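Next comes protein_12.cif, with mmCIF, C-alpha atoms and all ligand atoms.
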```cif
data_target
loop_
_atom_site.label_atom_id
_atom_site.label_comp_id
_atom_site.auth_asym_id
_atom_site.auth_seq_id
_atom_site.Cartn_x
_atom_site.Cartn_y
_atom_site.Cartn_z
CA MET A 1 -59.23 5.09 87.12
CA LYS A 2 -56.37 3.05 88.59
CA THR A 3 -56.98 0.31 91.17
CA VAL A 4 -55.15 0.22 94.50
CA TYR A 5 -55.26 -2.95 96.57
CA THR A 6 -54.55 -3.45 100.25
CA CYS A 7 -55.26 -6.30 102.64
CA PHE A 8 -56.42 -6.01 106.25
CA CYS A 9 -55.80 -8.68 108.84
CA THR A 10 -57.45 -7.19 111.89
CA ASP A 11 -60.52 -7.09 114.12
CA VAL A 12 -60.06 -3.42 114.96
CA ILE A 13 -59.57 -0.50 112.58
CA HIS A 14 -57.07 2.01 113.92
CA GLU A 15 -55.24 5.06 112.56
CA GLY A 16 -52.70 2.86 110.76
CA HIS A 17 -55.46 1.44 108.56
CA LEU A 18 -57.04 4.87 108.03
CA ASN A 19 -53.66 6.15 106.99
CA ILE A 20 -53.30 3.42 104.37
CA ILE A 21 -56.75 4.10 102.91
CA GLN A 22 -56.08 7.84 102.79
CA LYS A 23 -52.79 7.30 100.98
CA ALA A 24 -54.33 4.69 98.65
CA ARG A 25 -57.05 7.12 97.56
CA GLU A 26 -54.40 9.41 96.13
CA TYR A 27 -53.60 6.69 93.59
CA GLY A 28 -57.04 5.49 92.55
CA GLU A 29 -60.01 3.36 93.48
CA VAL A 30 -59.40 1.43 96.71
CA VAL A 31 -60.11 -2.30 96.93
CA VAL A 32 -59.57 -3.88 100.34
CA GLY A 33 -59.03 -7.60 100.90
CA VAL A 34 -60.23 -8.97 104.20
CA LEU A 35 -58.16 -11.94 105.28
CA SER A 36 -60.25 -15.07 105.83
CA ASP A 37 -60.36 -16.85 109.22
CA ARG A 38 -58.20 -19.66 107.82
CA ALA A 39 -55.49 -17.26 106.71
CA MET A 40 -55.69 -15.12 109.85
CA ILE A 41 -55.11 -18.17 111.99
CA ARG A 42 -52.04 -19.11 109.97
CA PHE A 43 -50.82 -15.62 110.73
CA ASN A 44 -51.44 -16.01 114.50
CA ARG A 45 -54.05 -13.31 114.35
CA PHE A 46 -56.95 -15.04 115.94
CA PRO A 47 -60.28 -13.45 115.01
CA THR A 48 -62.47 -12.37 117.92
CA ILE A 49 -65.27 -11.28 115.60
CA SER A 50 -66.71 -13.13 112.62
CA PHE A 51 -65.46 -12.81 109.06
CA GLU A 52 -68.78 -11.17 108.07
CA GLU A 53 -68.34 -8.57 110.81
CA ARG A 54 -64.81 -7.83 109.64
CA VAL A 55 -66.06 -7.34 106.09
CA GLN A 56 -68.81 -5.02 107.36
CA ILE A 57 -66.35 -2.85 109.31
CA VAL A 58 -64.16 -2.38 106.23
CA ARG A 59 -67.12 -1.80 103.92
CA GLU A 60 -68.24 1.09 106.12
CA MET A 61 -64.87 2.85 105.92
CA ASP A 62 -64.74 6.08 103.98
CA GLY A 63 -62.85 5.77 100.72
CA VAL A 64 -63.22 1.99 100.28
CA SER A 65 -64.83 1.14 96.92
CA ARG A 66 -64.91 -2.63 97.15
CA VAL A 67 -64.20 -5.40 99.65
CA VAL A 68 -62.97 -8.84 98.60
CA VAL A 69 -61.93 -11.99 100.45
CA GLN A 70 -58.24 -12.80 100.61
CA ASP A 71 -57.97 -16.48 101.48
CA GLU A 72 -54.18 -16.78 101.66
CA ILE A 73 -51.44 -14.77 103.30
CA ALA A 74 -49.79 -14.75 99.86
CA TYR A 75 -51.37 -12.26 97.45
CA ASP A 76 -50.94 -14.29 94.22
CA GLU A 77 -54.53 -15.36 93.80
CA VAL A 78 -56.05 -12.01 94.63
CA ILE A 79 -53.61 -10.16 92.35
CA ARG A 80 -54.52 -12.51 89.50
CA GLN A 81 -58.19 -11.75 90.05
CA ILE A 82 -58.05 -8.00 90.55
CA ARG A 83 -54.93 -7.04 88.62
CA PRO A 84 -54.44 -3.90 90.73
CA ASP A 85 -52.19 -1.14 89.43
CA TYR A 86 -50.84 -0.73 92.95
CA VAL A 87 -50.58 -2.78 96.12
CA ILE A 88 -50.17 -0.60 99.20
CA HIS A 89 -48.83 -1.85 102.54
CA GLY A 90 -47.05 -0.60 105.66
CA ASP A 91 -43.28 -0.68 105.23
CA ASN A 92 -42.95 -3.24 108.04
CA TRP A 93 -42.93 -5.91 105.32
CA ILE A 94 -39.64 -4.68 103.85
CA SER A 95 -37.71 -6.90 106.27
CA GLY A 96 -38.41 -9.91 108.50
CA PRO A 97 -40.57 -12.90 107.57
CA MET A 98 -43.12 -10.69 105.78
CA LYS A 99 -40.45 -9.81 103.23
CA ALA A 100 -41.16 -13.09 101.45
CA VAL A 101 -44.77 -12.02 100.95
CA ARG A 102 -43.64 -8.62 99.64
CA ASP A 103 -41.18 -10.26 97.23
CA GLN A 104 -43.99 -12.39 95.81
CA VAL A 105 -46.27 -9.40 95.42
CA GLU A 106 -43.48 -7.53 93.65
CA ALA A 107 -42.94 -10.41 91.23
CA ALA A 108 -46.66 -10.81 90.53
CA LEU A 109 -47.12 -7.08 89.86
CA LYS A 110 -44.05 -6.93 87.67
CA GLU A 111 -45.67 -9.30 85.16
CA TYR A 112 -48.01 -6.55 84.01
CA GLY A 113 -46.31 -3.36 85.22
CA GLY A 114 -48.02 -2.97 88.63
CA GLU A 115 -46.21 -1.32 91.53
CA ILE A 116 -45.86 -1.57 95.30
CA ILE A 117 -46.40 1.47 97.50
CA ASP A 118 -44.74 1.16 100.89
CA VAL A 119 -46.13 3.63 103.40
CA PRO A 120 -44.43 4.29 106.75
CA TYR A 121 -45.84 1.76 109.19
CA THR A 122 -47.85 3.48 111.91
CA TYR A 123 -46.66 2.14 115.23
CA ASN A 124 -47.28 4.88 117.76
CA GLU A 125 -48.29 4.42 121.40
CA ASN A 126 -51.98 4.27 120.53
CA VAL A 127 -51.58 1.58 117.86
CA LYS A 128 -49.23 -0.37 120.15
CA ARG A 129 -51.84 -0.27 122.89
CA ILE A 130 -54.59 -1.49 120.52
CA ASP A 131 -52.34 -4.28 119.27
CA ALA A 132 -51.48 -5.38 122.80
CA ARG A 133 -55.16 -5.36 123.79
CA ILE A 134 -56.14 -7.56 120.84
CA ARG A 135 -53.32 -9.97 121.73
CA GLU A 136 -54.31 -10.10 125.37
CA LYS A 137 -57.96 -10.60 124.48
CA VAL A 138 -57.28 -13.74 122.43
CA GLY A 139 -55.26 -15.11 125.34
CA MET A 140 -58.32 -14.97 127.61
CA PRO A 141 -59.81 -18.37 128.52
CA GLU A 142 -63.02 -17.95 126.52
CA TYR A 143 -61.07 -17.33 123.29
CA ARG A 144 -58.06 -19.54 123.87
CA ARG A 145 -60.06 -22.62 124.90
CA LYS A 146 -62.00 -22.83 121.62
CA ARG A 147 -59.01 -22.15 119.40
CA LEU A 148 -58.00 -25.79 119.14
CA ARG A 149 -61.36 -26.92 117.76
CA LEU A 150 -61.31 -24.00 115.35
CA LEU A 151 -57.81 -24.92 114.20
CA LEU A 152 -58.92 -28.52 113.68
CA SER A 153 -61.71 -27.31 111.45
CA LEU A 154 -59.51 -24.91 109.47
CA CYS A 155 -55.97 -26.36 109.31
CA PRO A 156 -54.86 -29.46 107.43
CA ILE A 157 -52.69 -30.37 110.45
CA VAL A 158 -52.27 -28.64 113.81
CA LYS A 159 -48.55 -28.24 114.49
CA THR A 160 -47.86 -28.40 118.20
CA ILE A 161 -44.62 -27.79 120.09
CA GLU A 162 -43.63 -28.68 123.63
CA VAL A 163 -43.48 -25.84 126.18
CA HIS A 164 -42.65 -25.93 129.89
CA SER A 165 -42.06 -22.29 130.90
CA GLY A 166 -42.80 -18.71 129.96
CA LEU A 167 -39.66 -18.64 127.85
CA THR A 168 -40.44 -21.77 125.83
CA GLY A 169 -44.00 -20.44 125.53
CA LEU A 170 -42.60 -17.31 123.90
CA ILE A 171 -40.64 -19.43 121.42
CA ALA A 172 -43.83 -21.31 120.51
CA GLU A 173 -45.77 -18.08 120.25
CA LYS A 174 -43.34 -16.02 118.23
CA THR A 175 -41.26 -18.29 116.01
CA ILE A 176 -42.18 -17.69 112.37
CA VAL A 177 -40.31 -18.94 109.33
CA GLU A 178 -40.68 -18.34 105.66
CA ARG A 179 -40.64 -21.45 103.51
CA GLY A 180 -41.32 -21.50 99.80
CA GLY A 181 -42.99 -18.10 100.00
CA GLU A 182 -45.33 -19.24 102.80
CA LEU A 183 -45.14 -18.20 106.43
CA ASP A 184 -45.10 -21.07 108.87
CA GLN A 185 -45.48 -21.24 112.63
CA PHE A 186 -46.69 -23.50 115.41
CA ASP A 187 -50.42 -23.59 115.98
CA ALA A 188 -50.60 -24.98 119.50
CA MET A 189 -48.54 -25.85 122.59
CA TRP A 190 -48.05 -29.18 124.40
CA VAL A 191 -47.42 -29.13 128.13
CA SER A 192 -45.48 -32.39 128.23
CA SER A 193 -45.26 -34.36 131.45
CA LEU A 194 -41.74 -35.44 130.50
CA CYS A 195 -40.47 -31.91 129.92
CA ASP A 196 -42.40 -30.29 132.77
CA SER A 197 -40.96 -32.93 135.13
CA THR A 198 -37.46 -32.69 133.63
CA ALA A 199 -37.46 -28.89 133.99
CA LYS A 200 -38.12 -29.44 137.69
CA GLY A 201 -35.38 -32.10 137.92
CA LYS A 202 -37.94 -34.84 138.56
CA PRO A 203 -38.65 -38.17 136.83
CA ASP A 204 -41.70 -38.48 134.55
CA ILE A 205 -43.73 -40.69 136.92
CA GLU A 206 -46.67 -38.45 137.86
CA LEU A 207 -44.55 -37.19 140.75
CA VAL A 208 -44.94 -33.49 139.90
CA ASP A 209 -48.36 -32.84 141.35
CA MET A 210 -51.24 -31.18 139.50
CA THR A 211 -51.00 -27.92 141.43
CA SER A 212 -47.43 -27.57 140.24
CA ARG A 213 -48.39 -28.52 136.67
CA PHE A 214 -51.09 -25.84 136.74
CA ARG A 215 -48.44 -23.30 137.82
CA THR A 216 -46.45 -24.19 134.70
CA ILE A 217 -49.55 -23.65 132.56
CA ASP A 218 -50.14 -20.31 134.24
CA ASP A 219 -46.60 -19.14 133.46
CA ILE A 220 -47.11 -20.12 129.82
CA MET A 221 -50.53 -18.49 129.60
CA GLU A 222 -49.19 -15.21 130.97
CA VAL A 223 -47.11 -14.63 127.84
CA THR A 224 -48.89 -16.51 125.04
CA THR A 225 -52.21 -16.75 123.20
CA LYS A 226 -51.98 -20.09 121.38
CA PRO A 227 -54.09 -23.04 122.53
CA ILE A 228 -52.72 -25.52 125.04
CA ILE A 229 -52.92 -29.30 124.95
CA PHE A 230 -52.13 -30.67 128.39
CA ASP A 231 -50.39 -34.00 128.93
CA GLY A 232 -52.53 -35.42 131.74
CA ASP A 233 -50.53 -38.67 132.11
CA THR A 234 -52.97 -41.39 133.25
CA GLY A 235 -55.46 -38.81 134.54
CA GLY A 236 -55.04 -40.43 137.98
CA LEU A 237 -58.01 -41.63 139.97
CA ILE A 238 -61.37 -40.95 138.32
CA GLU A 239 -62.36 -39.05 141.47
CA HIS A 240 -59.35 -36.77 140.97
CA PHE A 241 -59.54 -36.59 137.17
CA VAL A 242 -62.85 -34.75 137.20
CA TYR A 243 -61.29 -31.96 139.27
CA THR A 244 -58.39 -31.73 136.83
CA VAL A 245 -60.82 -31.37 133.92
CA ARG A 246 -62.75 -28.64 135.70
CA THR A 247 -59.60 -26.66 136.54
CA LEU A 248 -58.04 -26.95 133.08
CA GLU A 249 -61.26 -25.91 131.43
CA ARG A 250 -61.61 -22.89 133.69
CA MET A 251 -58.02 -21.88 132.96
CA GLY A 252 -58.67 -21.91 129.21
CA VAL A 253 -56.73 -25.06 128.30
CA SER A 254 -58.19 -26.60 125.13
CA ALA A 255 -57.54 -30.29 125.63
CA ILE A 256 -56.20 -32.91 127.97
CA ILE A 257 -54.68 -36.13 126.69
CA ILE A 258 -54.83 -39.08 129.07
CA GLU A 259 -53.10 -42.41 128.49
CA ASP A 260 -54.63 -45.82 129.16
CA LYS A 261 -52.14 -46.91 131.80
CA THR A 262 -52.57 -47.55 135.48
CA GLY A 263 -50.34 -47.88 138.54
CA LEU A 264 -46.87 -46.30 138.49
CA LYS A 265 -46.70 -44.51 135.17
CA ARG A 266 -43.38 -44.64 133.36
CA ASN A 267 -42.56 -42.71 130.19
CA SER A 268 -43.87 -44.50 127.09
CA LEU A 269 -40.51 -44.34 125.36
CA PHE A 270 -39.21 -46.94 127.89
CA GLY A 271 -41.75 -49.28 126.27
CA THR A 272 -41.53 -52.79 127.71
CA GLU A 273 -38.06 -52.21 129.20
CA VAL A 274 -39.77 -51.24 132.45
CA SER A 275 -42.90 -52.65 134.00
CA GLN A 276 -46.00 -50.71 132.92
CA THR A 277 -49.63 -51.75 133.15
CA GLN A 278 -52.29 -50.92 130.61
CA ASP A 279 -55.68 -50.00 132.02
CA THR A 280 -58.74 -52.12 131.23
CA VAL A 281 -60.93 -50.82 128.43
CA GLU A 282 -63.90 -50.60 130.81
CA HIS A 283 -62.12 -48.59 133.49
CA PHE A 284 -60.52 -46.21 131.02
CA CYS A 285 -63.88 -45.65 129.32
CA GLU A 286 -65.34 -44.82 132.71
CA LYS A 287 -62.63 -42.21 133.21
CA ILE A 288 -63.28 -40.62 129.82
CA ALA A 289 -67.03 -40.57 130.42
CA ALA A 290 -66.61 -39.03 133.89
CA GLY A 291 -64.47 -36.26 132.42
CA LYS A 292 -66.96 -35.59 129.63
CA ARG A 293 -69.80 -35.36 132.17
CA THR A 294 -67.81 -32.85 134.19
CA GLN A 295 -66.81 -30.34 131.53
CA LEU A 296 -69.01 -27.30 131.11
CA THR A 297 -68.16 -25.99 127.66
CA ASP A 298 -68.40 -27.66 124.25
CA ALA A 299 -64.92 -26.44 123.42
CA PHE A 300 -62.85 -28.51 125.86
CA MET A 301 -61.53 -31.80 124.48
CA ILE A 302 -60.62 -35.05 126.23
CA ILE A 303 -58.29 -37.06 124.02
CA ALA A 304 -57.64 -40.73 124.73
CA ARG A 305 -54.10 -42.00 124.26
CA ILE A 306 -53.64 -45.63 123.35
CA GLU A 307 -50.52 -47.43 124.60
CA SER A 308 -51.18 -50.79 122.91
CA LEU A 309 -48.37 -50.42 120.36
CA ILE A 310 -45.94 -49.16 123.02
CA LEU A 311 -46.77 -52.16 125.22
CA GLU A 312 -46.70 -54.56 122.23
CA GLN A 313 -50.33 -55.57 122.51
CA GLY A 314 -50.91 -55.43 118.77
CA MET A 315 -52.84 -53.45 116.20
CA GLU A 316 -56.17 -55.16 116.85
CA ASP A 317 -56.02 -54.22 120.53
CA ALA A 318 -55.22 -50.60 119.59
CA LEU A 319 -58.19 -50.44 117.21
CA THR A 320 -60.58 -52.09 119.67
CA ARG A 321 -59.58 -49.57 122.28
CA ALA A 322 -59.92 -46.64 119.86
CA ARG A 323 -63.46 -47.72 119.06
CA ALA A 324 -64.36 -48.08 122.74
CA TYR A 325 -62.81 -44.77 123.78
CA VAL A 326 -64.63 -42.86 121.04
CA GLY A 327 -67.81 -44.62 122.15
CA ALA A 328 -67.18 -43.42 125.71
CA GLY A 329 -67.01 -39.83 124.46
CA ALA A 330 -63.33 -39.22 123.66
CA ASP A 331 -62.93 -36.18 121.41
CA GLY A 332 -59.77 -37.51 119.80
CA ILE A 333 -57.39 -40.47 119.75
CA MET A 334 -53.66 -40.27 120.29
CA ILE A 335 -51.77 -43.30 119.04
CA HIS A 336 -48.20 -43.73 120.20
CA SER A 337 -45.25 -45.86 119.09
CA ARG A 338 -41.57 -46.02 119.90
CA ARG A 339 -40.49 -47.67 116.68
CA LYS A 340 -38.13 -45.72 114.44
CA ASP A 341 -40.21 -46.67 111.44
CA PRO A 342 -43.60 -44.89 111.22
CA ALA A 343 -45.21 -47.93 109.50
CA GLU A 344 -47.28 -49.14 112.47
CA ILE A 345 -48.52 -45.63 113.24
CA LEU A 346 -49.54 -45.06 109.62
CA GLN A 347 -51.19 -48.48 109.49
CA PHE A 348 -53.22 -47.65 112.60
CA CYS A 349 -54.29 -44.33 111.08
CA ASP A 350 -55.37 -45.99 107.82
CA LEU A 351 -57.36 -48.70 109.58
CA PHE A 352 -58.95 -46.27 112.04
CA ARG A 353 -59.87 -43.88 109.23
CA GLN A 354 -61.60 -46.70 107.33
CA GLU A 355 -64.19 -46.83 110.08
CA ASP A 356 -64.04 -43.32 111.56
CA GLN A 357 -63.44 -40.28 109.37
CA ARG A 358 -64.25 -37.65 111.97
CA THR A 359 -62.45 -38.25 115.24
CA PRO A 360 -59.17 -36.30 115.30
CA ILE A 361 -55.98 -38.38 115.40
CA VAL A 362 -52.94 -37.13 117.33
CA VAL A 363 -49.39 -38.44 116.92
CA VAL A 364 -46.06 -37.73 118.62
CA PRO A 365 -43.24 -38.50 116.18
CA THR A 366 -40.31 -38.61 118.61
CA SER A 367 -38.96 -42.04 117.61
CA PHE A 368 -40.44 -42.14 114.11
CA ASN A 369 -39.09 -38.68 113.36
CA SER A 370 -38.42 -39.25 109.66
CA VAL A 371 -42.13 -38.94 108.92
CA THR A 372 -43.19 -35.59 107.46
CA GLU A 373 -46.27 -33.57 108.26
CA GLU A 374 -47.41 -34.10 104.66
CA GLU A 375 -47.25 -37.90 105.08
CA LEU A 376 -49.13 -37.73 108.38
CA MET A 377 -51.84 -35.58 106.78
CA ALA A 378 -52.17 -38.06 103.94
CA HIS A 379 -52.92 -40.78 106.51
CA GLY A 380 -55.58 -38.71 108.27
CA VAL A 381 -53.57 -37.30 111.18
CA ASN A 382 -54.94 -34.00 112.54
CA ILE A 383 -52.50 -33.00 115.28
CA VAL A 384 -48.73 -33.52 115.31
CA ILE A 385 -46.89 -32.92 118.59
CA TYR A 386 -43.16 -32.23 118.75
CA ALA A 387 -43.13 -33.33 122.37
CA ASN A 388 -39.64 -32.76 123.77
CA GLN A 389 -37.30 -31.21 121.18
CA LEU A 390 -36.97 -27.79 122.89
CA THR A 391 -35.89 -29.39 126.16
CA ARG A 392 -33.55 -31.81 124.41
CA SER A 393 -31.87 -29.00 122.50
CA ALA A 394 -31.49 -26.67 125.50
CA PHE A 395 -30.01 -29.20 127.93
CA PRO A 396 -26.87 -30.16 125.95
CA ALA A 397 -26.24 -26.51 125.06
CA MET A 398 -26.36 -25.47 128.72
CA GLN A 399 -24.30 -28.45 129.84
CA ARG A 400 -21.59 -27.72 127.28
CA THR A 401 -21.39 -24.12 128.46
CA ALA A 402 -21.05 -25.22 132.10
CA VAL A 403 -18.26 -27.67 131.17
CA ASP A 404 -16.37 -25.08 129.12
CA ILE A 405 -16.49 -22.42 131.86
CA LEU A 406 -15.10 -24.97 134.33
CA LYS A 407 -12.36 -26.01 131.91
CA ASN A 408 -11.27 -22.47 131.07
CA HIS A 409 -11.64 -20.86 134.49
CA ARG A 410 -13.48 -18.02 132.72
CA ALA A 411 -16.42 -17.40 130.37
CA ARG A 412 -14.77 -15.80 127.35
CA GLU A 413 -14.44 -19.06 125.39
CA VAL A 414 -18.17 -19.72 125.45
CA ASP A 415 -19.22 -16.18 124.65
CA GLU A 416 -19.45 -16.42 120.89
CA ARG A 417 -22.14 -19.06 121.02
CA LEU A 418 -24.25 -17.10 123.51
CA MET A 419 -27.07 -14.70 122.91
CA PRO A 420 -25.66 -11.15 123.24
CA ILE A 421 -26.47 -9.41 126.52
CA GLY A 422 -28.28 -6.66 124.59
CA GLU A 423 -30.61 -9.25 123.12
CA ILE A 424 -31.39 -11.09 126.35
CA LEU A 425 -32.16 -7.76 128.04
CA THR A 426 -34.69 -6.84 125.38
CA LEU A 427 -36.00 -10.33 124.64
CA ILE A 428 -39.02 -9.88 126.85
CA ASP A 429 -41.39 -7.08 125.93
CA GLU A 430 -42.37 -4.77 128.77
CA LEU A 431 -45.93 -3.57 129.08
C1 LIG B 501 -44.62 -36.38 127.03
O1 LIG B 501 -44.14 -35.51 126.28
O2 LIG B 501 -44.53 -36.30 128.26
C2 LIG B 501 -45.32 -37.53 126.47
C3 LIG B 501 -44.95 -38.03 125.14
O3 LIG B 501 -46.13 -38.09 127.16
S1 LIG B 501 -43.81 -39.30 125.37
O4 LIG B 501 -42.67 -38.75 126.11
O5 LIG B 501 -43.39 -39.77 124.05
O6 LIG B 501 -44.43 -40.37 126.13
MG MG B 502 -46.09 -37.58 129.16
#
```

Would you kindly transcribe this structure into structure tokens?
Amino acid sequence: MKTVYTCFCTDVIHEGHLNIIQKAREYGEVVVGVLSDRAMIRFNRFPTISFEERVQIVREMDGVSRVVVQDEIAYDEVIRQIRPDYVIHGDNWISGPMKAVRDQVEAALKEYGGEIIDVPYTYNENVKRIDARIREKVGMPEYRRKRLRLLLSLCPIVKTIEVHSGLTGLIAEKTIVERGGELDQFDAMWVSSLCDSTAKGKPDIELVDMTSRFRTIDDIMEVTTKPIIFDGDTGGLIEHFVYTVRTLERMGVSAIIIEDKTGLKRNSLFGTEVSQTQDTVEHFCEKIAAGKRTQLTDAFMIIARIESLILEQGMEDALTRARAYVGAGADGIMIHSRRKDPAEILQFCDLFRQEDQRTPIVVVPTSFNSVTEEELMAHGVNIVIYANQLTRSAFPAMQRTAVDILKNHRAREVDERLMPIGEILTLIDEL
């Protein structure tokens, strides 16, 4: 009897899956891999039921002989273990980012004469509707809110990109690349005060009020499912901060990061070029503790951002503050620097990790952008935020287009670097 292998990455069995099993049975005994939580998350398929429940659903399907765990999106390991004669999959993996996975499967099977069976991918109205429902479900507050903690427990580093609109949200949600046979994508989104303010043509000085910031979040949430980390600036008055925490938590935001500054907040990347005041340890701890008392779920995180290195107060001050903020209940520490060299950030991480192995560390490598995610991981960093690169790439592109139209008295000259009209019209999916 030949062995046919397929892998399911779903919470719901629909006719597409039944179709695959039916076809697979024509070739031999059917073994189904159920993708682990860790791998599903990497695939932006967030599980809404447990791994055990997913295994149970597949086990109960007619025609399935055996169920195994597939722990990676790549099939290498599972193929080595099972040595199936065939791997069967919908033909949607013939092109696009999934092609890399198919190529690897093909190479692995070739070593011993195995074969791929591509079956027409079932994507009728019914399957589309089920897919859309699953997507919308994981975007609901109760699922989205807890995703960040889950990612922290399952991913070596949570890759986070700045978003400030529905459109940038879609880029964060949908951008997938293939690299070295692995699929890569962003795990979470950062609602930056700098970029949210800039998009509204305002300076980054806590001028854009919270109601307006919440509107931005709402636009992003409408079209995405990934978890949101909100840049809460200083958090404002403690009496106001508690309301912000309550609202964000209700909306389904996963975390707020507040920085230990007081008075007129200026962007950290100005450093000491402008006057900025660091909060006292005691007052900032009070703010953290008030927020922690206010939140209602275990999922929501309040992350304390330390400005000691930005304000040239030294490493010892940064570490003292980190200790105090964790003591006050902070669920994570963000350490910031505006040096080009990542040395002081990495030194902080090493020293902090010597005394605290659990509290997540967040970094924003805007100035020290030569540092890689692998290096950050090696120094104990858990969340990396690319805080402003989408805004900084869009602005010069738009400005150049405006200049060139003015210079040429027409738009033809700019056309070849623009997205085709056909693409912009179909960029946004309709319900
Ligand atoms: C932001 O993105 O608004 C930040 C990070 O707070 S930074 O601009 O580096 O201060
Ligand atoms: Mg900010």

Using all atoms listed in the file, tabulate the residues of range 176-201 of chain A lying at most 12 Å from any atom of range 138-148 of chain A, each with its closest atom pair and that distance in Å to one decimal, by chain and increasing residue number, as JSON lines.
```
{"residue": "A:Asp187", "atom": "CA", "partner": "A:Leu148", "partner_atom": "CA", "distance": 8.5}
{"residue": "A:Ala188", "atom": "CA", "partner": "A:Leu148", "partner_atom": "CA", "distance": 7.5}
{"residue": "A:Met189", "atom": "CA", "partner": "A:Leu148", "partner_atom": "CA", "distance": 10.1}
{"residue": "A:Trp190", "atom": "CA", "partner": "A:Leu148", "partner_atom": "CA", "distance": 11.8}
```

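Note that the spacing between CA of Leu427 in chain A and CA of Ile73 in chain A amounts to 26.7 Å.
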
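CA of Ala132 in chain A is found 22.7 Å from CA of Ile21 in chain A.
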
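Going from CA of Ser50 in chain A over to CA of Pro156 in chain A, you cover 20.8 Å.
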
Within 9 Å of ligand MG 502 (chain B), which residues show up when you count all atoms listed in the file? List them as an MDAnalysis selection string, please. chainID A and resid 191:196 204:206 231:234 258:259 266:268 387

Starting from the sparse input, extend range 337-341 of chain A to all heavy atoms and give the output as a tab-separated table (two decimals), in the coordinates of the input.
```
chain	number	residue	atom	x	y	z
A	337	SER	N	-46.14	-44.75	119.47
A	337	SER	CA	-45.25	-45.86	119.09
A	337	SER	C	-43.84	-45.43	119.43
A	337	SER	O	-43.53	-44.24	119.46
A	337	SER	CB	-45.37	-46.10	117.58
A	337	SER	OG	-44.25	-46.81	117.09
A	338	ARG	N	-42.97	-46.42	119.70
A	338	ARG	CA	-41.57	-46.02	119.90
A	338	ARG	C	-40.67	-46.66	118.86
A	338	ARG	O	-39.47	-46.72	118.99
A	338	ARG	CB	-41.10	-46.34	121.31
A	338	ARG	CG	-41.06	-47.77	121.67
A	338	ARG	CD	-40.61	-47.88	123.12
A	338	ARG	NE	-40.17	-49.23	123.41
A	338	ARG	CZ	-39.01	-49.56	123.90
A	338	ARG	NH1	-38.12	-48.64	124.16
A	338	ARG	NH2	-38.71	-50.81	124.14
A	339	ARG	N	-41.30	-47.14	117.79
A	339	ARG	CA	-40.49	-47.67	116.68
A	339	ARG	C	-39.88	-46.50	115.89
A	339	ARG	O	-40.48	-45.43	115.82
A	339	ARG	CB	-41.38	-48.45	115.72
A	339	ARG	CG	-42.04	-49.66	116.37
A	339	ARG	CD	-41.64	-50.93	115.66
A	339	ARG	NE	-42.09	-52.09	116.43
A	339	ARG	CZ	-43.06	-52.91	116.05
A	339	ARG	NH1	-43.65	-52.72	114.89
A	339	ARG	NH2	-43.41	-53.92	116.81
A	340	LYS	N	-38.76	-46.77	115.26
A	340	LYS	CA	-38.13	-45.72	114.44
A	340	LYS	C	-38.90	-45.55	113.12
A	340	LYS	O	-38.93	-44.48	112.53
A	340	LYS	CB	-36.67	-46.12	114.12
A	340	LYS	CG	-35.70	-45.52	115.12
A	340	LYS	CD	-34.28	-45.45	114.59
A	340	LYS	CE	-33.79	-44.06	114.24
A	340	LYS	NZ	-34.07	-43.01	115.18
A	341	ASP	N	-39.48	-46.65	112.71
A	341	ASP	CA	-40.21	-46.67	111.44
A	341	ASP	C	-41.68	-46.28	111.70
A	341	ASP	O	-42.32	-46.87	112.58
A	341	ASP	CB	-40.12	-48.11	110.89
A	341	ASP	CG	-40.77	-48.25	109.54
A	341	ASP	OD1	-41.62	-47.40	109.20
A	341	ASP	OD2	-40.45	-49.22	108.84
```
